[in-house]
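S.K.: Pasting in a structure now, in structure tokens, and then I'll have a few things to ask.
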Amino acid sequence: MEHETVTHTTAERRLARLPSGTDVTVTVHRYDGGVGPTAYVQAAQHGIELNGTAALRRLHRHLLTAEVAGTVIAVPVVNSLAFDHGSYVTPQAVDAVNPNCNRVWPGDDAGTLQERIVARLWEVIEPTDVVIDLHTGTPDMLEHVRFQHGNRKSRTLAATFGADYLLTDSPSDGEADDGTGDGDAADDNAADDEPYQGKLRTAAAQAGIPAIVPELSNSRQIDHDAAHRGVRGLRNVLGELGMLREEPAPTPSQTILRNDEGRIGTDASGLFEPNPEVTVGDHVSAGTELGTVYCPSTFEERQRVTTTDDGVIYSLTRESVVTAGEKVACIAERA
């Protein structure tokens, strides 16, 4: 690899055209250095997830004066339609069939508007060597980095990012898993599991591209600490790849979680008051009380929400108003 001062360019890539004739575009940044790999980084697939975009602005400032081996491609706002509407997903008026951008990768150039948008962006992603898909969760979620089960490089890059928690998809039935992965290619069975179909990390796995998904904290508003952790993690990963002339920060002690499909919802609507003795990061047993749903008008207790399995709480809502069937917590197993 050869480190050279970066040449920075931007291009507007047209992804689709709306009925009014307005183009849907993304700004694609390229930071070209010397000979080396190509890393693709994106943020704001979901329009309220702002801190990945904030991290990319900080990375931009650093790369402009850095020597880089290879090329970094960055798309700071993937889903401008959701971003402009302050919405998690694309407005249904635009695509009622596939409103969630992260359920249709690698897209379909003959599909719905969202599928066509993704297909045009996939053309940029498919030739790259590494994918980093930045997301942002609620303030009441453990920051973590998801890696591809069975892919050692993905596992290494996830650890290098530097979060305290790592999360991996479940292995296929009957397959042993120590959380480290045991090969250099993504596990095909895990990639084909139904809950993960259509997500960028799954499309990357099926294309043989190592991918990680950092989940920073605090959607809807800029959190300077989260953005700082994001850019620090990105620099760690680029350093691990040899693209930057800097050593990654020491990896902290990390907890590996898996099987995050343990979503706990409510059976009743009302005001949800969480149990003050339970917080994210706690290891809980089945039957642990997470909170109570009350009727705001009559004050009657409608439901005590309890865990159904053992595991680690990695997200827990602190928002008070809930609707029957709404998710209030997620639990994952220790790997």
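A note on labels: chains of the structure tokens are A, B, ... as shown, every chain counts residues from 1, and ligands are counted from 1 in their shown order.
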Using only C-alpha atoms, determine which residues lie at most 12 Å from Thr279 in chain A, disregarding the query and same-chain residues fewer than 5 positions distant; provide the list as number ranges by chain.
M.R.: A: 139-142, 274, 284, 288-291, 312-318, 329-331
S.K.: Store the residues picked out above, limited to C-alpha atoms, as a short mmCIF file (atom, residue, chain, number, x, y, z; two decimals), in the first residue's frame.
M.R.:
data_model
loop_
_atom_site.label_atom_id
_atom_site.label_comp_id
_atom_site.auth_asym_id
_atom_site.auth_seq_id
_atom_site.Cartn_x
_atom_site.Cartn_y
_atom_site.Cartn_z
CA PRO A 139 -30.69 7.37 24.00
CA ASP A 140 -31.78 4.28 25.95
CA MET A 141 -29.77 1.76 23.95
CA LEU A 142 -26.33 0.28 24.39
CA PRO A 274 -40.34 1.81 33.40
CA VAL A 284 -32.00 -10.20 33.52
CA THR A 288 -38.08 -9.62 35.35
CA GLU A 289 -40.46 -6.67 35.53
CA LEU A 290 -39.52 -3.94 33.06
CA GLY A 291 -42.36 -1.55 33.79
CA VAL A 312 -28.91 -8.60 28.41
CA ILE A 313 -31.20 -5.60 27.95
CA TYR A 314 -29.67 -3.59 25.15
CA SER A 315 -32.56 -1.21 24.58
CA LEU A 316 -35.36 -0.03 26.86
CA THR A 317 -37.83 2.71 26.06
CA ARG A 318 -38.18 5.70 28.35
CA ALA A 329 -37.33 -3.41 25.09
CA CYS A 330 -34.87 -5.67 23.29
CA ILE A 331 -32.91 -8.49 24.89
#
S.K.: Would you mind listing what lies within 8 Å of range 303-308 of chain A as a list in words, with only C-alpha atoms counted and same-chain residues fewer than 2 positions away left out?
M.R.: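 Once the nearby chain positions are removed, what remains is Ile264, Gly265, Thr266, Asp267, Ala268, Val284, Ser285, Ala286, Gly287, Thr288, Glu289, Leu290, Gly291, Thr292, Val293, Tyr294, Glu301 and Asp310 of chain A.
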S.K.: Per DSSP on the backbone, what are the helix (DSSP H, G or I) residues of range 64-223 of chain A, as an MDAnalysis selection string?
M.R.: chainID A and resid 80:84 101:103 113:125 152:161 188:191 194:196 200:206
S.K.: Taking only C-alpha atoms into account, which of A:Val24, A:Ala43, A:Ala96, A:Val68 comes nearest Thr5 in chain A?
M.R.: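 The shortest atom-to-atom distance to Thr5 in chain A comes from A:Val68.
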S.K.: Report as a PDB file with C-alpha atoms, in the first residue's frame all protein, DNA and RNA residues lying within 9 Å of range 119-121 of chain A, evaluated on only C-alpha atoms, omitting residues in the same chain fewer than 2 positions from it.
M.R.:
ATOM      1  CA  ARG A  13     -25.516  10.885  -7.983  1.00  0.00           C
ATOM      2  CA  ARG A  14     -29.086  10.782  -9.250  1.00  0.00           C
ATOM      3  CA  LEU A  15     -30.988   7.871  -7.746  1.00  0.00           C
ATOM      4  CA  ALA A  16     -34.550   8.476  -8.928  1.00  0.00           C
ATOM      5  CA  VAL A  26     -27.054  11.744  -2.880  1.00  0.00           C
ATOM      6  CA  VAL A  78     -28.437   8.095   2.082  1.00  0.00           C
ATOM      7  CA  VAL A 104     -34.588  -3.735   0.185  1.00  0.00           C
ATOM      8  CA  TRP A 105     -30.819  -4.092  -0.413  1.00  0.00           C
ATOM      9  CA  PRO A 106     -29.335  -4.669  -2.958  1.00  0.00           C
ATOM     10  CA  GLY A 107     -32.354  -3.132  -4.624  1.00  0.00           C
ATOM     11  CA  ASP A 108     -34.119  -3.745  -7.907  1.00  0.00           C
ATOM     12  CA  ASP A 109     -33.814  -1.410 -10.879  1.00  0.00           C
ATOM     13  CA  GLN A 114     -37.127   2.717  -2.918  1.00  0.00           C
ATOM     14  CA  GLU A 115     -35.789  -0.439  -4.543  1.00  0.00           C
ATOM     15  CA  ARG A 116     -34.634   1.561  -7.564  1.00  0.00           C
ATOM     16  CA  ILE A 117     -32.932   4.150  -5.336  1.00  0.00           C
ATOM     17  CA  GLU A 123     -23.631   0.167  -7.940  1.00  0.00           C
ATOM     18  CA  VAL A 124     -21.271   2.380  -5.895  1.00  0.00           C
ATOM     19  CA  ILE A 125     -20.994  -0.106  -3.032  1.00  0.00           C
ATOM     20  CA  GLU A 126     -20.556  -3.428  -4.821  1.00  0.00           C
TER      21      GLU A 126
END
S.K.: Measure the distance from CA of Cys295 in chain A to CA of Glu277 in chain A in Å and round it to one decimal.
M.R.: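 It comes out at 22.0 Å.
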S.K.: Taking 5 positions as the minimum chain separation for residues in the same chain, which residues sit within 8 Å of Thr251 in chain A when counting only C-alpha atoms? Answer as a PDB file with C-alpha atoms, in the first residue's frame.
M.R.:
ATOM      1  CA  ALA A 159     -13.886  -4.927  17.712  1.00  0.00           C
ATOM      2  CA  THR A 160     -11.429  -2.307  16.441  1.00  0.00           C
ATOM      3  CA  PHE A 161     -14.189   0.309  16.174  1.00  0.00           C
ATOM      4  CA  GLY A 162     -13.992   0.412  19.954  1.00  0.00           C
TER       5      GLY A 162
END
S.K.: Leaving out Thr27 in chain A and any residue of its chain fewer than 6 positions from it, which residues lie within 7 Å of it when counting only C-alpha atoms, given as a list in words?
M.R.: Thr10, Ala11, Glu12, Arg13 and Val75 of chain A
S.K.: Between A:Gly33, A:Pro210, A:Gly311, A:Gly242, which has the minimum distance to Arg334 in chain A (counting only C-alpha atoms)?
M.R.: A:Gly311
S.K.: Based on the backbone DSSP call, show me all residues of range 97-330 of chain A assigned strand (DSSP E), as a ChimeraX atom specification.
M.R.: /A:130-133,135-136,144-147,165-168,211-216,255-265,270-274,283-284,289-294,301-306,311-316,321-322,327-330
S.K.: Could you write those residues out with C-alpha atoms, as a short mmCIF file (atom, residue, chain, number, x, y, z; two decimals), in the first residue's frame?
M.R.:
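What follows is the written file again-v4.cif:
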data_model
loop_
_atom_site.label_atom_id
_atom_site.label_comp_id
_atom_site.auth_asym_id
_atom_site.auth_seq_id
_atom_site.Cartn_x
_atom_site.Cartn_y
_atom_site.Cartn_z
CA VAL A 130 -15.31 -2.92 3.16
CA VAL A 131 -18.72 -1.50 4.10
CA ILE A 132 -19.40 0.58 7.22
CA ASP A 133 -23.09 1.38 7.70
CA HIS A 135 -26.80 3.96 12.39
CA THR A 136 -28.11 5.73 15.48
CA HIS A 144 -22.72 -1.43 19.85
CA VAL A 145 -21.23 -2.60 16.57
CA ARG A 146 -22.80 -5.44 14.66
CA PHE A 147 -20.57 -7.83 12.73
CA TYR A 165 -20.61 -4.14 23.06
CA LEU A 166 -20.55 -6.20 19.87
CA LEU A 167 -23.62 -7.82 18.38
CA THR A 168 -23.77 -10.65 15.87
CA ALA A 211 -19.42 -5.15 6.68
CA ILE A 212 -19.93 -3.68 10.13
CA VAL A 213 -22.86 -1.69 11.50
CA PRO A 214 -21.97 0.72 14.31
CA GLU A 215 -25.07 1.77 16.24
CA LEU A 216 -24.32 5.12 17.88
CA THR A 255 -19.19 -8.02 25.63
CA ILE A 256 -20.41 -10.02 22.63
CA LEU A 257 -24.16 -10.39 22.22
CA ARG A 258 -26.20 -12.38 19.73
CA ASN A 259 -29.78 -13.27 18.86
CA ASP A 260 -31.24 -9.79 19.31
CA GLU A 261 -34.70 -10.86 18.11
CA GLY A 262 -35.89 -10.90 21.74
CA ARG A 263 -38.23 -7.93 21.32
CA ILE A 264 -40.66 -7.29 24.16
CA GLY A 265 -43.87 -5.47 23.34
CA GLY A 270 -51.49 3.66 27.91
CA LEU A 271 -48.71 5.30 29.90
CA PHE A 272 -45.64 3.13 30.36
CA GLU A 273 -43.65 3.71 33.54
CA PRO A 274 -40.34 1.81 33.40
CA HIS A 283 -28.47 -9.11 32.67
CA VAL A 284 -32.00 -10.20 33.52
CA GLU A 289 -40.46 -6.67 35.53
CA LEU A 290 -39.52 -3.94 33.06
CA GLY A 291 -42.36 -1.55 33.79
CA THR A 292 -46.09 -1.05 34.04
CA VAL A 293 -48.70 0.27 31.62
CA TYR A 294 -51.39 2.43 33.25
CA GLU A 301 -53.01 -0.84 35.90
CA ARG A 302 -53.35 -2.42 32.47
CA GLN A 303 -50.20 -4.53 32.17
CA ARG A 304 -47.01 -5.37 33.93
CA VAL A 305 -44.42 -5.86 31.21
CA THR A 306 -41.98 -8.66 32.01
CA GLY A 311 -30.39 -12.09 28.51
CA VAL A 312 -28.91 -8.60 28.41
CA ILE A 313 -31.20 -5.60 27.95
CA TYR A 314 -29.67 -3.59 25.15
CA SER A 315 -32.56 -1.21 24.58
CA LEU A 316 -35.36 -0.03 26.86
CA VAL A 321 -47.02 6.80 25.75
CA VAL A 322 -47.26 3.31 24.24
CA LYS A 327 -41.79 -2.60 21.34
CA VAL A 328 -40.52 -1.35 24.68
CA ALA A 329 -37.33 -3.41 25.09
CA CYS A 330 -34.87 -5.67 23.29
#
S.K.: If you count only C-alpha atoms, which residues fall within 8 Å of range 80-82 of chain A, apart from same-chain ones fewer than 5 positions away, as a ChimeraX atom specification?
M.R.: /A:24-26,46-48,87-91
S.K.: How many Å lie between CA of Ala39 in chain A and CA of Pro252 in chain A, rounded to one decimal?
M.R.: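 Spanning CA of Ala39 in chain A to CA of Pro252 in chain A is a straight-line distance of 23.7 Å.
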S.K.: One decimal, in Å: what's the spacing between CA of Gly137 in chain A and CA of Val280 in chain A?
M.R.: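 Pair CA of Gly137 in chain A / CA of Val280 in chain A returns 12.8 Å.
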